Amino acid sequence: MAKTIELNIRRQDTPYSPPYWQRFSIPYRRGHNIVSALMVIREHPHTREGKRVDPVAWEFNCMEEVCGACSMMINGRPRQACSTLVDSLDQPIRLEPLSKFPVVRDLMVDRSKIFNDLKRVRAWIEIDGAWDIHEGAPRIAPETWRENYLFSRCMSCGCCLEACPEYAVEKDFVGPAALAAVRLMNNHPTGRYHRRQRLHAIMGDDGLSNCGNAQNCVRVCPKQIPLTTAIGELGRQTSLQLLRDLFGKSE
Amino acid sequence: MRRPRRVIVVGGGLGGLWSALRVAEAGYQVEIFSLFEVKRSHSVCAQGGINASIDTKGERDSVWQHIVDTLKGGAYLANQPPVKTLCEEAPGIIRTFERMGVTFSRTAEGLLDLRLFGGVKNRRTLFAGASTGQQLLYGVDQEIRRQEALGRVRKFEWWEFLSLVKDSQGICKGIVAMNLRTMDVKGFRADAVILATGGMGHVFGHRSTNSTNSTGSAACRAYQQGARFANCEFFQFHPTAMLGDDKTRLMSEAARGEGGRIWVPKNPGDQRKASRIPEQERYYFLEEWYPSYGNTVPRDLASRAIWKVVHEMGLGVGGEDKVYLDLTHLNPGFIEQRLHAILDIYRKFHGTDPVHEPMEIYPSAHYAMGGLWVDFEKDEASGGLKAGSPRNHATNLPGLYACGECDYGYHGANRLGANSLLSASFSGRVAGEAVASYLKGLEVGIEQVPEHFYTEEISRQQRINEELLKGGGGENPYTLHHELGEIMSGQVGVVRDNTTLKQAIDSLQGLAQRCQTVDLESSNSWSNQGLVYARQLQEMVHLGLVIASSALARDECRGAHYKPAFELTPPTDAYPGDPAYEVYRGKWKKQNQQWLKTTITEHATAGPRISFDQVDLSVLPPEEPRDYR
Ligand SMILES: Cc1cc2nc3c(=O)[nH]c(=O)nc-3n(C[C@H](O)[C@H](O)[C@H](O)COP(=O)(O)OP(=O)(O)OC[C@H]3O[C@@H](n4cnc5c(N)ncnc54)[C@H](O)[C@@H]3O)c2cc1C
Ligand code: SF4
Ligand code: SF4
Ligand code: FES
């Protein structure tokens with residue numbers, strides 16, 4: 001018998017309808033990743049039993065693991081579909097949408113909470129305007145640059161949030177990705193001017209203190225972002241800030 | 001009280017976000033439309049870097065040299081005043097990115113680091129680790145988020161632009177867009193519209209380094225409503241892209257720069273693993289054909305050589321469209337350090353290790369130099385762009401602007417590496433400022449545009465959806481896209497010829513018909529990706545026709561457009577000053593007289609209508625042909 005790739009896919013037609021499973025079988029080809037396998041299915045949308053069905057809907061854009069679009073559960077683990085090679089997986093491969101976000105359809109979910117949380121923690125640098133100020137760039141020690149760079153690659157894919165036991169759409173915890181963004185902004189030469197506001201944004205009930213330090217987040221981040229290091233640093237920063245707030249020292 | 005003027009920006013890549021930022025900063029309301037969260041736009045794919053002459057490497061690099069390299073690299077086809085200002089303001093753009101929080105890589109003493117990029121002599125390319133485009137986009141994305149929090153910007157993510165709405169005088173007054181989740185089609189009013197919808201690599205099928213958002217369909221829709229395209233025959237093919245069924249992934253020039261060698265087995269039937277093929281049975285064709293440059297010839301020459309070896313000599317590896325890019329002879333520690341990003345991508349996506357096995361690569365559609373035609377106003381005093389002129393980046397449709405990869409400015413017949421992150425950002429900034437000036441001069445507000453202009457356009461778009469959903473024709477849109485890719489990559493690609501181009505146009509016309517009768521068989525009205533794809537496919541086929549027709553019209557070789565039947569080669573062993581060379585120079589100038597013109601395409605029912613426009617050569621008149629010897 002010809003070699004095949006077997007996939008079990010959890011499907012859902014609308015945000016309001018119940019989920020169901022379908023089994024697909026496509027011809028084996030070396031080098032397939034989950035996105036290219038799903039492309040075969042959308043071109044020939046037949047279940048293993050030969051029934052013609054609606055093509056499976058999913059999200060992807062860059063296909064290079066840099067846009068963050070294609071996150072899904074692959075054999076029970078949150079991952080990027082584009083960079084997961086079929087040859088590295090046990091079959092039948094199980095594909096499910098991320099469970100922490102509302103399903104839009106099939107493997108597509110609504111991750112707008114991620115972006116709202118970036119707003120909540122004020123993950124930006126305040127500039128007067130996007131024009132030239134005719135001043136050279138500040139010097140930055142290569143070591144500092146390297147540390148910051150690690151954090152600046154967060155592509156808002158949501159894998160860490162899926163893995164975090166404290167994170168849920170109904171809950172207000174901002175989650176590790178937004179916390180790492182605060183760490184990054186607070187270490188920028190002028191971003192640090194507004195450190196206090198960002199720290200206050202994560203000092204409330206739904207901020208940093210919700211993290212139970214389960215470390216799940218770091219383990220799944222496709223970009224190996226040292227999330228718990230960031231959370232540790234922020235712990236120290238918020239403690240100091242708390243003291244400053246108590247004794248009324250302005251920064 | 002008058003409502004503040006409102007601007008719609010379609011596209012959330014570097015171009016779109018920069019323009020939105022400048023419009024918002026000018027005090028106007030902005031609505032950004034994007035196919036998905038703007039942070040996921042194709043701009044994040046760029047790894048290499050962004051050019052700006054800051055001369056911190058003791059090489060006496062200058063802004064003037066950046067201008068010269070850009071113009072010559074583009075074979076003089078770009079209008080020169082915009083290029084002049086682009087290069088002059090590049091260092092300022094970098095400084096602004098720094099303030100937004102972009103972490104450019106630093107030297108040991110903490111200064112902005114620079115690297116060397118293809119086609120130039122001096123180090124001029126800034127980079128942020130191995131993910132420059134991502135870092136740049138995130139910088140502007142953060143600022144946009146801040147504007148959003150301030151209530152000046154509103155995002156419509158998961159909305160696809162379908163068409164423009166024009167008033168009775170043909171002035172652009174809004175758009176019709178489709179919600180990609182509910183599939184609702186709606187009209188949106190705006191005093192001005194900016195298109196920043198990126199490239200069109202997917203017209204060449206899956207043999208493209210582009211992200212899926214790069215279909216060119218938005219620009220093509222504007223074209224069919226009267227916007228002009230320019231220079232669409234100029235498409236850059238990257239010589240070294242890693243093969244894949246879903247897309248081809250860029251292996252940067254650095255691989256050749258650090259000593260990578262390109263070869264094919266001399267015997268195309270050779271079944272052995274690459275590493276088992278002895279040295280004397282390998283054909284290092286670049287080294288043989290270009291002894292002085294060898295493997296580091298510029299992109300276009302490398303692409304053509306690979307094409308020749310595979311298509312004319314039949315030497316593709318295993319009879320397929322591929323050749324080897326070999327690093328295995330290099331010191332593993334050295335390449336691990338210097339080429340880490342490439343090794344990483346190849347291992348991750350191909351599953352084998354280039355340290356031990358040669359990579360398999362092939363030229364791939366990478367960057368569209370052509371796109372929507374945009375105007376500019378020259379500042380007579382400086383010879384550059386007139387700052388704040390409402391003409392800058394305006395299309396020929398009043399009220400419609402374009403910036404980023406979807407416009408045609410800056411790169412002429414070929415783009416220098418690392419110049420397009422710059423042009424996307426710069427053009428976004430200029431377009432935003434131009435729109436702010438345009439709004440100042442605007443008398444009638446959008447409130448006064450009668451509703452029926454919107455409702456009519458909405459109905460027209462809904463009818464297109466209904467027709468497609470009816471189906472019954474039996475065609476599969478995904479299969480048709482592969483066919484489109486075969487035609488475009490095979491017949492309108494790296495090497496062109498008029499007979500083949502005519503065949504391609506015939507095939508594309510046939511394909512256009514078949515695209516009308518696709519079977520979506522999708523009963524679901526929620527997030528119907530098949531419908532979206534089928535619509536984009538129609539535009540891509542249309543764009544294919546525009547590209548092929550423009551290519552047919554240009555009987556010469558210039559930049560990325562290569563038609564060997566009309567090639568003008570310098571005499572061997574003759575150099576400037578020699579009579580034989582001066583005869584050649586004379587022929588080259590004559591060729592410029594006839595062909596150094598912008599190709600303009602306008603939509604007509606019978607097919608693309610082509611004409612030619614003068615190029616502004618006021619900064620650096622063309623005197624020297626390009627010479628690679
Ligand atoms: C692999 C690769 C590497 C590259 N590396 C470099 C490099 O090192 N240096 C360099 O200078 N350049 C590089 N480039 C080129 C550069 O990345 C692009 O030219 C540039 O990012 C384009 O930016 P943009 O804003 O025009 O478009 P994009 O970033 O493509 O954004 C397009 C936007 O338009 C939206 N959109 C499209 N259609 C619609 C529609 N119908 N309705 C609503 N929204 C729509 C999308 O949602 C998206 O937000 C590279 C390109 C590739 C492919
Ligand atoms: S360490 Fe904190 S943020 Fe990370 S998974 Fe655990 S609880 Fe969540
Ligand atoms: S921190 Fe990592 S896992 Fe979390 S969103 Fe960012 S890239 Fe994804
Ligand atoms: S498609 Fe962009 S991360 Fe997978």
# chains A, B, ... in the order shown; residues from 1 in each chain; ligands from 1
>>> interface_residues(of="chain A", to="chain B", cutoff="8 Å", atoms="only C-alpha atoms", output="count of residues only")
59
>>> residues_near_ligand(ligand="ligand 3", cutoff="9 Å", atoms="only C-alpha atoms and all ligand atoms", output="PyMOL selection string")
chain A and resi 66+68+71+78-79+114+151-163+175-178+180-181+217-227
>>> residues_around(residues="Arg29 of chain A", least_positions_apart="2", cutoff="9 Å", atoms="only C-alpha atoms", output="PyMOL selection string")
chain A and resi 3-5+26-27+31-32
>>> write_last_selection(atoms="C-alpha atoms", output="PDB file, in the first residue's frame")
ATOM      1  CA  LYS A   3       2.485   5.492   2.101  1.00  0.00           C
ATOM      2  CA  THR A   4       0.079   8.130   3.375  1.00  0.00           C
ATOM      3  CA  ILE A   5      -0.146  10.906   5.903  1.00  0.00           C
ATOM      4  CA  ILE A  26      -3.131  12.317   1.861  1.00  0.00           C
ATOM      5  CA  PRO A  27      -0.338  10.769  -0.217  1.00  0.00           C
ATOM      6  CA  GLY A  31       9.267  17.464   3.334  1.00  0.00           C
ATOM      7  CA  HIS A  32       5.610  18.118   4.128  1.00  0.00           C
TER       8      HIS A  32
END
>>> residues_near_ligand(ligand="ligand 1", cutoff="7 Å", atoms="only C-alpha atoms and all ligand atoms", output="number ranges by chain")
B: 10-16, 33-36, 38, 41-50, 132-133, 159-162, 196-199, 209-211, 213-214, 216-218, 249-250, 366-367, 403-406, 417-422, 424
>>> write_last_selection(atoms="C-alpha atoms", output="mmCIF file, in the first residue's frame")
data_model
loop_
_atom_site.group_PDB
_atom_site.id
_atom_site.type_symbol
_atom_site.label_atom_id
_atom_site.label_comp_id
_atom_site.auth_asym_id
_atom_site.auth_seq_id
_atom_site.Cartn_x
_atom_site.Cartn_y
_atom_site.Cartn_z
ATOM 1 C CA VAL B 10 -5.641 49.490 3.200
ATOM 2 C CA GLY B 11 -2.723 47.366 4.356
ATOM 3 C CA GLY B 12 -0.863 47.108 7.636
ATOM 4 C CA GLY B 13 2.696 46.340 6.510
ATOM 5 C CA LEU B 14 5.488 48.878 6.808
ATOM 6 C CA GLY B 15 4.038 51.111 4.098
ATOM 7 C CA GLY B 16 0.516 51.127 5.474
ATOM 8 C CA PHE B 33 -7.980 47.621 6.872
ATOM 9 C CA SER B 34 -6.011 44.404 6.794
ATOM 10 C CA LEU B 35 -6.543 40.745 5.893
ATOM 11 C CA PHE B 36 -5.437 39.779 9.417
ATOM 12 C CA VAL B 38 -1.422 43.920 10.970
ATOM 13 C CA SER B 41 1.985 41.311 7.563
ATOM 14 C CA HIS B 42 4.548 40.094 5.069
ATOM 15 C CA SER B 43 7.050 42.796 6.077
ATOM 16 C CA VAL B 44 8.071 40.556 8.996
ATOM 17 C CA CYS B 45 9.701 38.147 6.526
ATOM 18 C CA ALA B 46 12.548 40.446 5.604
ATOM 19 C CA GLN B 47 15.688 39.269 7.336
ATOM 20 C CA GLY B 48 18.595 40.985 5.649
ATOM 21 C CA GLY B 49 18.405 44.643 6.507
ATOM 22 C CA ILE B 50 17.632 48.210 5.529
ATOM 23 C CA THR B 132 15.064 43.176 10.522
ATOM 24 C CA GLY B 133 11.655 43.394 8.856
ATOM 25 C CA TRP B 159 -11.475 42.714 6.396
ATOM 26 C CA GLU B 160 -10.600 42.415 2.723
ATOM 27 C CA PHE B 161 -10.642 45.422 0.424
ATOM 28 C CA LEU B 162 -12.819 44.636 -2.617
ATOM 29 C CA ALA B 196 -0.422 49.753 0.865
ATOM 30 C CA THR B 197 -1.249 46.183 0.033
ATOM 31 C CA GLY B 198 2.226 44.819 -0.660
ATOM 32 C CA GLY B 199 3.709 42.706 -3.421
ATOM 33 C CA THR B 209 9.379 33.787 -1.459
ATOM 34 C CA ASN B 210 6.392 35.968 -0.567
ATOM 35 C CA SER B 211 3.812 35.478 2.158
ATOM 36 C CA ASN B 213 -0.863 38.213 1.522
ATOM 37 C CA SER B 214 1.228 39.088 -1.554
ATOM 38 C CA GLY B 216 -1.482 41.852 -5.730
ATOM 39 C CA SER B 217 -5.252 41.502 -5.887
ATOM 40 C CA ALA B 218 -6.052 44.745 -4.097
ATOM 41 C CA ARG B 249 12.148 30.133 1.232
ATOM 42 C CA LEU B 250 14.861 32.653 0.730
ATOM 43 C CA HIS B 366 10.747 37.665 -5.026
ATOM 44 C CA TYR B 367 10.002 41.338 -5.552
ATOM 45 C CA CYS B 403 2.760 53.303 -1.077
ATOM 46 C CA GLY B 404 4.955 50.327 -0.204
ATOM 47 C CA GLU B 405 5.642 47.424 -2.532
ATOM 48 C CA CYS B 406 2.332 47.917 -4.349
ATOM 49 C CA GLY B 417 18.916 44.362 -1.724
ATOM 50 C CA ALA B 418 17.798 46.080 1.509
ATOM 51 C CA ASN B 419 16.354 49.056 -0.361
ATOM 52 C CA SER B 420 12.701 48.016 -0.133
ATOM 53 C CA LEU B 421 12.220 48.082 3.622
ATOM 54 C CA LEU B 422 13.524 51.600 3.203
ATOM 55 C CA ALA B 424 8.194 50.899 2.018
#
>>> atom_distance(atom1="atom CA of Ile342 of chain B", atom2="atom CA of Ala52 of chain B")
23.9 Å
>>> atom_distance(atom1="atom CA of Leu179 of chain A", atom2="atom CA of His194 of chain A")
15.0 Å
>>> residues_around(residues="segment 92-97 of chain A", least_positions_apart="4", cutoff="7 Å", atoms="only C-alpha atoms", output="PyMOL selection string")
chain A and resi 6-10+72-75+106-109
>>> select_by_dssp(residues="segment 236-354 of chain B", states="strand (DSSP E)", output="PyMOL selection string")
chain B and resi 236-242+249-250+261-265+282-283+323-326
>>> atom_distance(atom1="atom CA of Lys186 of chain B", atom2="atom CA of Ile446 of chain B")
16.2 Å
>>> closest_atom_pairs(of="segment 175-223 of chain A", to="segment 232-236 of chain A", cutoff="12 Å", atoms="only C-alpha atoms", output="tab-separated table")
residue	atom	partner	partner_atom	distance
A:Pro176	CA	A:Leu234	CA	11.1
A:Ala178	CA	A:Leu234	CA	11.6
A:Leu179	CA	A:Leu234	CA	7.9
A:Ala180	CA	A:Leu234	CA	8.7
A:Ala181	CA	A:Leu234	CA	10.7
A:Val182	CA	A:Leu234	CA	8.2
A:Arg183	CA	A:Leu234	CA	6.6
A:Leu184	CA	A:Leu234	CA	10.3
A:Met185	CA	A:Leu234	CA	11.5
A:Asn186	CA	A:Leu234	CA	9.4
A:Asn187	CA	A:Glu233	CA	10.8
A:Arg195	CA	A:Leu234	CA	10.7
A:Arg196	CA	A:Leu234	CA	11.6
A:Arg198	CA	A:Leu234	CA	10.4
A:Leu199	CA	A:Leu234	CA	8.0
A:His200	CA	A:Leu234	CA	11.2
A:Ala201	CA	A:Leu234	CA	11.9
A:Ile202	CA	A:Leu234	CA	9.2
A:Met203	CA	A:Gly235	CA	9.5
A:Gly207	CA	A:Gly235	CA	10.6
A:Leu208	CA	A:Gly235	CA	7.3
A:Ser209	CA	A:Gly235	CA	8.4
A:Asn210	CA	A:Gly235	CA	11.4
A:Cys211	CA	A:Gly235	CA	10.3
A:Gly212	CA	A:Gly232	CA	11.7
A:Asn213	CA	A:Gly232	CA	9.3
A:Gln215	CA	A:Gly232	CA	11.4
>>> select_by_dssp(residues="segment 441-487 of chain B", states="alpha helix (DSSP H)", output="number ranges by chain")
B: 452-470, 477-487
>>> residues_around(residues="segment 622-626 of chain B", least_positions_apart="5", cutoff="12 Å", atoms="only C-alpha atoms", output="number ranges by chain")
B: 68-69, 71-78, 80, 119, 298, 557-559, 568-570, 575-576, 581-582, 584-593, 596, 615-617
>>> write_last_selection(atoms="N, CA, C and O atoms", output="short mmCIF file (atom, residue, chain, number, x, y, z; two decimals), in the first residue's frame")
data_model
loop_
_atom_site.label_atom_id
_atom_site.label_comp_id
_atom_site.auth_asym_id
_atom_site.auth_seq_id
_atom_site.Cartn_x
_atom_site.Cartn_y
_atom_site.Cartn_z
N VAL B 68 23.49 56.90 -6.39
CA VAL B 68 24.06 56.35 -7.63
C VAL B 68 23.80 54.84 -7.72
O VAL B 68 23.35 54.33 -8.75
N ASP B 69 24.06 54.13 -6.62
CA ASP B 69 23.86 52.68 -6.64
C ASP B 69 22.41 52.32 -6.91
O ASP B 69 22.12 51.38 -7.66
N LEU B 71 20.09 54.15 -8.48
CA LEU B 71 19.68 54.49 -9.85
C LEU B 71 20.31 53.54 -10.87
O LEU B 71 19.63 53.04 -11.76
N LYS B 72 21.61 53.28 -10.71
CA LYS B 72 22.27 52.38 -11.66
C LYS B 72 21.74 50.96 -11.52
O LYS B 72 21.51 50.27 -12.50
N GLY B 73 21.56 50.53 -10.26
CA GLY B 73 21.03 49.20 -10.01
C GLY B 73 19.68 49.04 -10.70
O GLY B 73 19.34 47.97 -11.19
N GLY B 74 18.91 50.11 -10.75
CA GLY B 74 17.59 50.08 -11.37
C GLY B 74 17.65 50.35 -12.86
O GLY B 74 16.63 50.63 -13.49
N ALA B 75 18.87 50.30 -13.44
CA ALA B 75 19.08 50.53 -14.87
C ALA B 75 18.43 51.84 -15.33
O ALA B 75 17.88 51.93 -16.41
N TYR B 76 18.51 52.83 -14.47
CA TYR B 76 18.07 54.21 -14.75
C TYR B 76 16.57 54.37 -14.98
O TYR B 76 16.11 55.40 -15.43
N LEU B 77 15.80 53.35 -14.68
CA LEU B 77 14.38 53.44 -15.03
C LEU B 77 13.54 54.18 -13.97
O LEU B 77 12.39 54.52 -14.21
N ALA B 78 14.11 54.41 -12.80
CA ALA B 78 13.33 55.10 -11.76
C ALA B 78 13.38 56.60 -11.98
O ALA B 78 14.41 57.14 -12.40
N GLN B 80 14.18 60.10 -10.92
CA GLN B 80 15.31 60.34 -10.02
C GLN B 80 15.04 61.24 -8.82
O GLN B 80 15.61 60.99 -7.75
N GLY B 119 25.41 44.01 -4.66
CA GLY B 119 25.38 45.05 -5.68
C GLY B 119 26.03 46.37 -5.31
O GLY B 119 25.97 47.32 -6.06
N PRO B 298 25.89 39.07 -9.44
CA PRO B 298 24.64 39.65 -8.95
C PRO B 298 23.44 38.72 -9.18
O PRO B 298 23.49 37.82 -10.02
N CYS B 557 16.75 44.30 -23.19
CA CYS B 557 17.10 43.77 -21.87
C CYS B 557 17.36 44.96 -20.97
O CYS B 557 18.12 45.86 -21.32
N ARG B 558 16.70 45.00 -19.84
CA ARG B 558 16.97 46.06 -18.87
C ARG B 558 16.68 45.52 -17.49
O ARG B 558 15.60 45.00 -17.23
N GLY B 559 17.66 45.63 -16.61
CA GLY B 559 17.46 45.17 -15.24
C GLY B 559 16.97 43.74 -15.19
O GLY B 559 17.56 42.84 -15.79
N LEU B 568 22.20 43.44 -25.77
CA LEU B 568 23.30 44.26 -26.25
C LEU B 568 24.50 43.93 -25.36
O LEU B 568 24.48 44.24 -24.17
N THR B 569 25.51 43.24 -25.90
CA THR B 569 26.64 42.88 -25.04
C THR B 569 27.86 43.71 -25.37
O THR B 569 28.11 44.02 -26.55
N PRO B 570 28.63 44.08 -24.36
CA PRO B 570 29.85 44.86 -24.63
C PRO B 570 30.85 44.00 -25.39
O PRO B 570 30.89 42.79 -25.22
N TYR B 575 37.50 48.35 -23.71
CA TYR B 575 37.11 49.09 -22.50
C TYR B 575 36.85 50.55 -22.85
O TYR B 575 37.20 51.00 -23.95
N PRO B 576 36.21 51.28 -21.94
CA PRO B 576 35.90 52.68 -22.26
C PRO B 576 37.10 53.39 -22.87
O PRO B 576 38.22 53.27 -22.37
N TYR B 581 34.49 49.84 -27.94
CA TYR B 581 33.63 50.07 -26.78
C TYR B 581 32.74 51.29 -27.00
O TYR B 581 31.57 51.30 -26.65
N GLU B 582 33.32 52.33 -27.63
CA GLU B 582 32.55 53.55 -27.84
C GLU B 582 31.40 53.32 -28.83
O GLU B 582 30.35 53.93 -28.72
N TYR B 584 29.83 50.54 -28.95
CA TYR B 584 28.85 49.88 -28.08
C TYR B 584 28.11 50.91 -27.22
O TYR B 584 26.89 50.87 -27.08
N ARG B 585 28.84 51.84 -26.65
CA ARG B 585 28.23 52.87 -25.82
C ARG B 585 27.18 53.65 -26.62
O ARG B 585 26.10 53.97 -26.14
N GLY B 586 27.55 53.92 -27.90
CA GLY B 586 26.62 54.63 -28.77
C GLY B 586 25.32 53.85 -28.94
O GLY B 586 24.22 54.39 -28.85
N LYS B 587 25.47 52.52 -29.13
CA LYS B 587 24.28 51.68 -29.31
C LYS B 587 23.45 51.67 -28.03
O LYS B 587 22.22 51.70 -28.06
N TRP B 588 24.16 51.65 -26.92
CA TRP B 588 23.47 51.64 -25.63
C TRP B 588 22.66 52.92 -25.44
O TRP B 588 21.52 52.90 -24.99
N LYS B 589 23.24 54.04 -25.82
CA LYS B 589 22.52 55.31 -25.67
C LYS B 589 21.30 55.35 -26.59
O LYS B 589 20.25 55.88 -26.23
N LYS B 590 21.48 54.77 -27.79
CA LYS B 590 20.35 54.75 -28.71
C LYS B 590 19.21 53.89 -28.15
O LYS B 590 18.03 54.24 -28.23
N GLN B 591 19.62 52.79 -27.56
CA GLN B 591 18.62 51.92 -26.93
C GLN B 591 17.88 52.69 -25.83
O GLN B 591 16.66 52.60 -25.70
N ASN B 592 18.62 53.47 -25.05
CA ASN B 592 17.98 54.27 -24.01
C ASN B 592 16.99 55.27 -24.59
O ASN B 592 15.93 55.51 -24.02
N GLN B 593 17.40 55.86 -25.75
CA GLN B 593 16.47 56.83 -26.35
C GLN B 593 15.13 56.18 -26.64
O GLN B 593 14.09 56.77 -26.44
N LEU B 596 14.26 53.83 -22.61
CA LEU B 596 14.35 54.29 -21.22
C LEU B 596 13.08 55.07 -20.90
O LEU B 596 13.09 56.31 -20.82
N VAL B 615 10.95 59.41 -18.30
CA VAL B 615 11.51 59.26 -16.96
C VAL B 615 12.26 60.54 -16.63
O VAL B 615 12.94 61.11 -17.49
N ASP B 616 12.15 61.02 -15.39
CA ASP B 616 12.89 62.21 -14.96
C ASP B 616 14.33 61.82 -14.61
O ASP B 616 14.58 61.14 -13.61
N LEU B 617 15.27 62.24 -15.47
CA LEU B 617 16.68 61.83 -15.31
C LEU B 617 17.54 62.98 -14.83
O LEU B 617 18.73 63.04 -15.11
#
>>> decode(residues="segment 589-600 of chain B", atoms="N, CA and C atoms", output="PDB file, in the first residue's frame")
ATOM      1  N   LYS B 589      23.244  54.037 -25.825  1.00  0.00           N
ATOM      2  CA  LYS B 589      22.521  55.305 -25.673  1.00  0.00           C
ATOM      3  C   LYS B 589      21.301  55.348 -26.594  1.00  0.00           C
ATOM      4  N   LYS B 590      21.475  54.773 -27.787  1.00  0.00           N
ATOM      5  CA  LYS B 590      20.350  54.750 -28.714  1.00  0.00           C
ATOM      6  C   LYS B 590      19.214  53.894 -28.150  1.00  0.00           C
ATOM      7  N   GLN B 591      19.621  52.793 -27.557  1.00  0.00           N
ATOM      8  CA  GLN B 591      18.623  51.920 -26.927  1.00  0.00           C
ATOM      9  C   GLN B 591      17.876  52.691 -25.831  1.00  0.00           C
ATOM     10  N   ASN B 592      18.623  53.469 -25.053  1.00  0.00           N
ATOM     11  CA  ASN B 592      17.982  54.271 -24.012  1.00  0.00           C
ATOM     12  C   ASN B 592      16.990  55.270 -24.593  1.00  0.00           C
ATOM     13  N   GLN B 593      17.399  55.863 -25.747  1.00  0.00           N
ATOM     14  CA  GLN B 593      16.475  56.826 -26.351  1.00  0.00           C
ATOM     15  C   GLN B 593      15.131  56.182 -26.642  1.00  0.00           C
ATOM     16  N   GLN B 594      15.180  54.951 -27.112  1.00  0.00           N
ATOM     17  CA  GLN B 594      13.921  54.297 -27.447  1.00  0.00           C
ATOM     18  C   GLN B 594      13.215  53.711 -26.229  1.00  0.00           C
ATOM     19  N   TRP B 595      13.990  53.122 -25.307  1.00  0.00           N
ATOM     20  CA  TRP B 595      13.362  52.284 -24.275  1.00  0.00           C
ATOM     21  C   TRP B 595      13.461  52.789 -22.842  1.00  0.00           C
ATOM     22  N   LEU B 596      14.262  53.830 -22.610  1.00  0.00           N
ATOM     23  CA  LEU B 596      14.346  54.286 -21.222  1.00  0.00           C
ATOM     24  C   LEU B 596      13.076  55.070 -20.904  1.00  0.00           C
ATOM     25  N   LYS B 597      11.984  54.349 -20.754  1.00  0.00           N
ATOM     26  CA  LYS B 597      10.676  54.964 -20.532  1.00  0.00           C
ATOM     27  C   LYS B 597       9.881  54.082 -19.595  1.00  0.00           C
ATOM     28  N   THR B 598       8.999  54.722 -18.856  1.00  0.00           N
ATOM     29  CA  THR B 598       8.126  53.979 -17.955  1.00  0.00           C
ATOM     30  C   THR B 598       7.029  53.299 -18.761  1.00  0.00           C
ATOM     31  N   THR B 599       6.822  52.016 -18.514  1.00  0.00           N
ATOM     32  CA  THR B 599       5.712  51.320 -19.171  1.00  0.00           C
ATOM     33  C   THR B 599       4.442  51.595 -18.377  1.00  0.00           C
ATOM     34  N   ILE B 600       3.433  52.088 -19.058  1.00  0.00           N
ATOM     35  CA  ILE B 600       2.166  52.369 -18.382  1.00  0.00           C
ATOM     36  C   ILE B 600       1.114  51.379 -18.894  1.00  0.00           C
TER      37      ILE B 600
END
